[in-house]
Amino acid sequence: MKLETLAIHAGRRPDPSTGAVREPIHLSTTFERGPDGAYPQGFFYGRSGNPNRASLEQAVAALEGGAEAVAYGSGAAATLAVFSLAAAGGRIVCSADCYHGTARQLREILPGWGTSVAFVDTTDLAAVERALEPGAALLWVETPSNPLLRVSDLAALAVLARARGALLGCDNTFASPVLQQPLALGADVVMHSTTKFLGGHSDVLGGIVVARETGPVLARLRQFQGVGGGVPSPFDCWLLLRSLATLPLRVRAQSAGALAVARFLATHPRVERVHYPGLASHPGHGLASRQMQDGFGAVVSVQVPGGAAEALAVAARVQLFTRATSLGGVESLIEHRASMEGPLTQTPPNLLRLAVGLEHPDDLVADLDRALGG
Ligand SMILES: *Cc1c(COP(=O)(O)O)cnc(C)c1O
């Protein structure tokens, strides 16, 4: 089945007890045993499993083409679940240009679990090969990356990881399964902050990991979910499943809007540099054109002349963009990224990250033109 059809039908069926076309929200935390002591529907306690969560997991597994998905209460919890696969005594190799919260887990939590960490430019395959040398357990890659939109070659990284016996995990939050299918390119697990495009409306926090196959990796992810306990609420799962129905439409329209915004910015005299893989001038454009489909994502980063002060001044002048962190929602956001990431940030101080929503691109362009002083 095609993605648009899966987005509407995977994980969904009318409620057998009422005929309700949309699944009810199952708030019950506990489920009745049969007279024989068994659990006839397979559910017994809300931390271990819930019908709304099961429906969401089925849908996302179908969209990513994996065996099963495992949902958590946030993207950060989902990332940590994958990192737990490398503990203890393992080694994780991670994209240097990664989500700052991911880097914090690797710096602040994983060393205490006996896991060593190396940050590497995953667009440089020779550097990845060197970093994988001594017994790496996991290669973690974000592509396009945050916030510089660097593009890493997932198929090539999968070959390198497999040759070293390491798992390849991909944070697919920026692309969504609409634009990029890491499991088909050889990744073992793919993760989303469902807070972003999968939720799409800036009103639910969540995370999910999809495993390519059943087996020990999936079993560990399930254990981290049910025994670790960082699970999403039934309502959050219900909201996410509802949002998935429009995911292909939203992501394609937002990507088209982002391309229009990036092209406008690339020609603007008060712009120093635009980072967007959909621009032919971007170093990852060729690879992104092969590895992604139907668009290059809805995040555009832009550097303005005049340093942090001018970047903040531009952000202060927008009227339609909202000054806020996050991405993937229907409303466009603008963010001075370095001040969000804190003192260890590698992000250029004059960089603004734009998360393009579903407004008409002409209106977004007009807002930016005004804010840049064009
Ligand atoms: C937001 C984000 C995360 C963290 O997800 P939360 O839902 O905020 O915990 C991880 N990776 C990327 C790329 C993100 O954008």
# chains A, B, ... in the order shown; residues from 1 in each chain; ligands from 1
>>> residues_near_ligand(ligand="ligand 1", cutoff="6 Å", atoms="only C-alpha atoms and all ligand atoms", output="list in words")
Ser74, Gly75, Ala76, Tyr99, Thr173, Phe174, Ser193, Thr195, Leu205, Gly206 and Gly207 of chain A
>>> residues_around(residues="Gly328 (chain A)", least_positions_apart="6", cutoff="6 Å", atoms="only C-alpha atoms", output="MDAnalysis selection string")
chainID A and resid 196:197 200
>>> write_last_selection(atoms="N, CA, C and O atoms", output="JSON list (two decimals), in the first residue's frame")
[["chain", "number", "residue", "atom", "x", "y", "z"],
["A", 196, "LYS", "N", 7.14, 16.63, 16.84],
["A", 196, "LYS", "CA", 7.39, 17.48, 15.68],
["A", 196, "LYS", "C", 6.41, 17.14, 14.55],
["A", 196, "LYS", "O", 5.23, 17.37, 14.70],
["A", 197, "PHE", "N", 6.89, 16.60, 13.42],
["A", 197, "PHE", "CA", 5.98, 16.44, 12.27],
["A", 197, "PHE", "C", 4.88, 15.40, 12.53],
["A", 197, "PHE", "O", 3.76, 15.57, 12.05],
["A", 200, "GLY", "N", 2.53, 17.30, 14.62],
["A", 200, "GLY", "CA", 2.22, 18.30, 13.61],
["A", 200, "GLY", "C", 1.43, 19.51, 14.05],
["A", 200, "GLY", "O", 1.22, 20.41, 13.25]]
>>> residues_around(residues="Asp15 (chain A)", least_positions_apart="4", cutoff="12 Å", atoms="only C-alpha atoms", output="list in words")
Gly11, Gly19, Ala20, Val21, Arg22, Glu23, Pro24, Ile25, His26, Pro51, Asn52 and Ser55 of chain A
>>> write_last_selection(atoms="N, CA and C atoms", output="mmCIF file, in the first residue's frame")
data_model
loop_
_atom_site.group_PDB
_atom_site.id
_atom_site.type_symbol
_atom_site.label_atom_id
_atom_site.label_comp_id
_atom_site.auth_asym_id
_atom_site.auth_seq_id
_atom_site.Cartn_x
_atom_site.Cartn_y
_atom_site.Cartn_z
ATOM 1 N N GLY A 11 -3.232 0.831 11.680
ATOM 2 C CA GLY A 11 -3.529 1.003 13.106
ATOM 3 C C GLY A 11 -4.952 1.461 13.387
ATOM 4 N N GLY A 19 -18.969 0.243 17.184
ATOM 5 C CA GLY A 19 -19.026 0.681 15.786
ATOM 6 C C GLY A 19 -18.438 2.063 15.565
ATOM 7 N N ALA A 20 -17.990 2.718 16.618
ATOM 8 C CA ALA A 20 -17.376 4.047 16.462
ATOM 9 C C ALA A 20 -16.249 3.970 15.431
ATOM 10 N N VAL A 21 -16.283 4.896 14.468
ATOM 11 C CA VAL A 21 -15.293 4.844 13.395
ATOM 12 C C VAL A 21 -13.905 5.184 13.929
ATOM 13 N N ARG A 22 -13.865 6.135 14.860
ATOM 14 C CA ARG A 22 -12.571 6.415 15.495
ATOM 15 C C ARG A 22 -12.510 5.684 16.823
ATOM 16 N N GLU A 23 -11.351 5.112 17.060
ATOM 17 C CA GLU A 23 -11.118 4.345 18.292
ATOM 18 C C GLU A 23 -11.365 5.233 19.516
ATOM 19 N N PRO A 24 -12.100 4.731 20.512
ATOM 20 C CA PRO A 24 -12.246 5.508 21.758
ATOM 21 C C PRO A 24 -10.897 5.639 22.465
ATOM 22 N N ILE A 25 -10.804 6.616 23.367
ATOM 23 C CA ILE A 25 -9.589 6.767 24.179
ATOM 24 C C ILE A 25 -9.741 5.857 25.393
ATOM 25 N N HIS A 26 -8.859 4.908 25.505
ATOM 26 C CA HIS A 26 -8.942 3.921 26.596
ATOM 27 C C HIS A 26 -8.098 4.401 27.773
ATOM 28 N N PRO A 51 -4.453 0.002 24.385
ATOM 29 C CA PRO A 51 -4.941 -0.127 23.001
ATOM 30 C C PRO A 51 -4.599 1.066 22.119
ATOM 31 N N ASN A 52 -4.680 2.288 22.646
ATOM 32 C CA ASN A 52 -4.356 3.458 21.820
ATOM 33 C C ASN A 52 -2.876 3.473 21.452
ATOM 34 N N SER A 55 -2.276 0.917 18.716
ATOM 35 C CA SER A 55 -2.721 1.389 17.395
ATOM 36 C C SER A 55 -1.700 2.358 16.802
#
>>> residues_around(residues="region 266-269 of chain A", least_positions_apart="6", cutoff="9 Å", atoms="only C-alpha atoms", output="list in words")
Leu279, Val302, Asp369, Leu372 and Gly374 of chain A
>>> residues_around(residues="His100 (chain A)", least_positions_apart="6", cutoff="12 Å", atoms="only C-alpha atoms", output="CSV table (one decimal) with C-alpha atoms, in the first residue's frame")
chain,number,residue,atom,x,y,z
A,76,ALA,CA,14.3,12.2,24.5
A,94,CYS,CA,27.1,10.1,17.1
A,106,LEU,CA,25.6,11.3,25.6
A,107,ARG,CA,27.7,13.7,27.7
A,108,GLU,CA,25.7,13.7,31.0
A,142,GLU,CA,20.7,12.7,12.3
A,145,SER,CA,21.0,17.5,10.9
A,146,ASN,CA,20.0,20.1,13.4
A,147,PRO,CA,20.5,23.0,12.8
A,337,ARG,CA,19.3,28.6,17.9
A,338,ALA,CA,22.5,29.3,19.8
A,339,SER,CA,20.7,30.9,22.8
A,340,MET,CA,18.5,27.8,23.0
A,341,GLU,CA,21.4,25.4,22.9
A,342,GLY,CA,23.3,27.0,25.8
A,343,PRO,CA,27.1,27.5,26.4
A,344,LEU,CA,28.4,24.3,24.6
A,345,THR,CA,26.7,25.2,21.4
A,346,GLN,CA,28.6,24.9,18.1
A,347,THR,CA,25.8,26.8,16.2
>>> residues_around(residues="Leu320 (chain A)", least_positions_apart="6", cutoff="9 Å", atoms="only C-alpha atoms", output="PyMOL selection string")
chain A and resi 331-333+363-364+367-368
>>> closest_residue(among="A:Leu265, A:Leu249, A:Val304, A:Leu183", to="Gln291 (chain A)", atoms="only C-alpha atoms")
A:Leu183
>>> closest_residue(among="A:Met292, A:Ile92, A:Leu244, A:Ala71", to="Pro182 (chain A)", atoms="only C-alpha atoms")
A:Met292
>>> select_by_dssp(residues="region 103-336 of chain A", states="helix (DSSP H, G or I)", output="PyMOL selection string")
chain A and resi 103-113+125-132+154-163+176-179+216-226+234-244+247-266+285-291+307-317
>>> residues_around(residues="Thr79 (chain A)", least_positions_apart="3", cutoff="10 Å", atoms="only C-alpha atoms", output="ChimeraX atom specification")
/A:72,74-76,82-84,101-102,105,140,169-171,190-193,207-209
>>> write_last_selection(atoms="all heavy atoms", output="compact mmCIF listing (two decimals), in the first residue's frame")
# COMPACT_ATOMS: atom_id res chain seq x y z
N TYR A 72 7.22 6.12 23.35
CA TYR A 72 7.66 6.64 24.64
C TYR A 72 7.04 8.01 24.88
O TYR A 72 6.44 8.60 23.99
CB TYR A 72 9.19 6.75 24.66
CG TYR A 72 9.90 5.43 24.43
CD1 TYR A 72 10.22 5.02 23.14
CD2 TYR A 72 10.19 4.57 25.48
CE1 TYR A 72 10.84 3.81 22.90
CE2 TYR A 72 10.82 3.35 25.27
CZ TYR A 72 11.15 2.97 23.98
OH TYR A 72 11.76 1.77 23.75
N SER A 74 8.43 10.90 25.25
CA SER A 74 9.05 12.05 24.57
C SER A 74 10.08 11.51 23.59
O SER A 74 10.49 10.34 23.67
CB SER A 74 9.73 12.98 25.58
OG SER A 74 10.87 12.35 26.14
N GLY A 75 10.52 12.39 22.70
CA GLY A 75 11.61 12.01 21.80
C GLY A 75 12.87 11.70 22.58
O GLY A 75 13.61 10.78 22.24
N ALA A 76 13.11 12.47 23.64
CA ALA A 76 14.31 12.23 24.46
C ALA A 76 14.26 10.84 25.09
O ALA A 76 15.27 10.13 25.12
CB ALA A 76 14.43 13.31 25.53
N VAL A 82 17.15 3.86 22.88
CA VAL A 82 18.09 3.31 21.89
C VAL A 82 19.51 3.31 22.47
O VAL A 82 20.24 2.32 22.33
CB VAL A 82 18.04 4.11 20.57
CG1 VAL A 82 19.07 3.57 19.59
CG2 VAL A 82 16.65 4.05 19.97
N PHE A 83 19.88 4.39 23.15
CA PHE A 83 21.23 4.45 23.72
C PHE A 83 21.44 3.36 24.77
O PHE A 83 22.55 2.88 24.96
CB PHE A 83 21.51 5.83 24.32
CG PHE A 83 21.63 6.93 23.29
CD1 PHE A 83 21.64 8.26 23.67
CD2 PHE A 83 21.74 6.63 21.94
CE1 PHE A 83 21.76 9.28 22.72
CE2 PHE A 83 21.85 7.64 20.98
CZ PHE A 83 21.86 8.97 21.37
N SER A 84 20.35 2.97 25.44
CA SER A 84 20.49 1.91 26.46
C SER A 84 20.93 0.59 25.82
O SER A 84 21.47 -0.28 26.49
CB SER A 84 19.18 1.72 27.22
OG SER A 84 18.25 0.95 26.47
N GLY A 101 19.80 18.15 22.85
CA GLY A 101 19.36 17.29 23.96
C GLY A 101 19.95 15.89 23.85
O GLY A 101 20.24 15.24 24.86
N THR A 102 20.14 15.43 22.61
CA THR A 102 20.79 14.14 22.38
C THR A 102 22.25 14.20 22.85
O THR A 102 22.74 13.30 23.54
CB THR A 102 20.71 13.79 20.88
OG1 THR A 102 19.33 13.70 20.53
CG2 THR A 102 21.41 12.51 20.56
N GLN A 105 22.43 13.95 26.58
CA GLN A 105 22.32 12.58 27.10
C GLN A 105 23.67 11.87 26.99
O GLN A 105 24.09 11.17 27.92
CB GLN A 105 21.28 11.79 26.29
CG GLN A 105 19.86 12.22 26.54
CD GLN A 105 18.85 11.30 25.86
OE1 GLN A 105 19.20 10.48 25.01
NE2 GLN A 105 17.59 11.45 26.24
N TRP A 140 24.86 6.55 15.63
CA TRP A 140 23.62 7.34 15.72
C TRP A 140 23.73 8.54 14.80
O TRP A 140 24.64 9.35 14.94
CB TRP A 140 23.41 7.80 17.17
CG TRP A 140 22.09 8.48 17.41
CD1 TRP A 140 21.90 9.79 17.68
CD2 TRP A 140 20.80 7.87 17.40
NE1 TRP A 140 20.55 10.04 17.85
CE2 TRP A 140 19.86 8.88 17.68
CE3 TRP A 140 20.34 6.57 17.18
CZ2 TRP A 140 18.48 8.65 17.74
CZ3 TRP A 140 18.97 6.33 17.24
CH2 TRP A 140 18.07 7.35 17.52
N GLY A 169 21.41 3.55 14.00
CA GLY A 169 20.16 4.19 14.39
C GLY A 169 20.06 5.55 13.75
O GLY A 169 21.06 6.27 13.65
N CYS A 170 18.87 5.92 13.30
CA CYS A 170 18.69 7.21 12.65
C CYS A 170 17.57 7.99 13.33
O CYS A 170 16.46 7.49 13.49
CB CYS A 170 18.36 7.00 11.18
SG CYS A 170 18.03 8.53 10.29
N ASP A 171 17.88 9.22 13.71
CA ASP A 171 16.85 10.15 14.18
C ASP A 171 16.23 10.76 12.92
O ASP A 171 16.84 11.59 12.26
CB ASP A 171 17.50 11.21 15.07
CG ASP A 171 16.50 12.21 15.64
OD1 ASP A 171 15.42 12.38 15.03
OD2 ASP A 171 16.80 12.85 16.67
N VAL A 190 14.90 3.32 13.73
CA VAL A 190 14.65 4.71 13.37
C VAL A 190 13.81 5.33 14.48
O VAL A 190 12.95 4.66 15.07
CB VAL A 190 13.99 4.81 11.97
CG1 VAL A 190 12.81 3.91 11.83
CG2 VAL A 190 13.60 6.23 11.64
N MET A 191 14.13 6.56 14.83
CA MET A 191 13.49 7.21 15.96
C MET A 191 12.86 8.53 15.51
O MET A 191 13.34 9.18 14.58
CB MET A 191 14.56 7.44 17.05
CG MET A 191 14.20 8.40 18.15
SD MET A 191 14.77 10.05 17.71
CE MET A 191 13.97 11.03 18.96
N HIS A 192 11.76 8.90 16.17
CA HIS A 192 11.13 10.20 15.94
C HIS A 192 10.83 10.87 17.27
O HIS A 192 10.33 10.21 18.20
CB HIS A 192 9.77 10.05 15.23
CG HIS A 192 9.91 9.70 13.80
ND1 HIS A 192 10.16 10.62 12.83
CD2 HIS A 192 9.87 8.50 13.18
CE1 HIS A 192 10.25 10.02 11.67
NE2 HIS A 192 10.09 8.73 11.85
N SER A 193 11.06 12.19 17.31
CA SER A 193 10.34 13.00 18.28
C SER A 193 8.99 13.24 17.63
O SER A 193 8.86 14.01 16.69
CB SER A 193 11.07 14.32 18.52
OG SER A 193 10.18 15.21 19.18
N GLY A 207 7.61 10.36 21.66
CA GLY A 207 8.72 9.79 20.89
C GLY A 207 8.41 8.36 20.52
O GLY A 207 7.56 7.71 21.16
N ILE A 208 9.07 7.89 19.48
CA ILE A 208 8.82 6.50 19.06
C ILE A 208 10.06 5.96 18.38
O ILE A 208 10.82 6.71 17.76
CB ILE A 208 7.56 6.45 18.14
CG1 ILE A 208 6.94 5.06 18.12
CG2 ILE A 208 7.86 6.95 16.72
CD1 ILE A 208 5.48 5.03 17.68
N VAL A 209 10.29 4.65 18.54
CA VAL A 209 11.40 3.97 17.88
C VAL A 209 10.81 2.84 17.06
O VAL A 209 9.97 2.08 17.56
CB VAL A 209 12.41 3.40 18.90
CG1 VAL A 209 13.57 2.73 18.17
CG2 VAL A 209 12.94 4.50 19.81
>>> select_by_dssp(residues="region 72-229 of chain A", states="strand (DSSP E)", output="count of residues only")
31
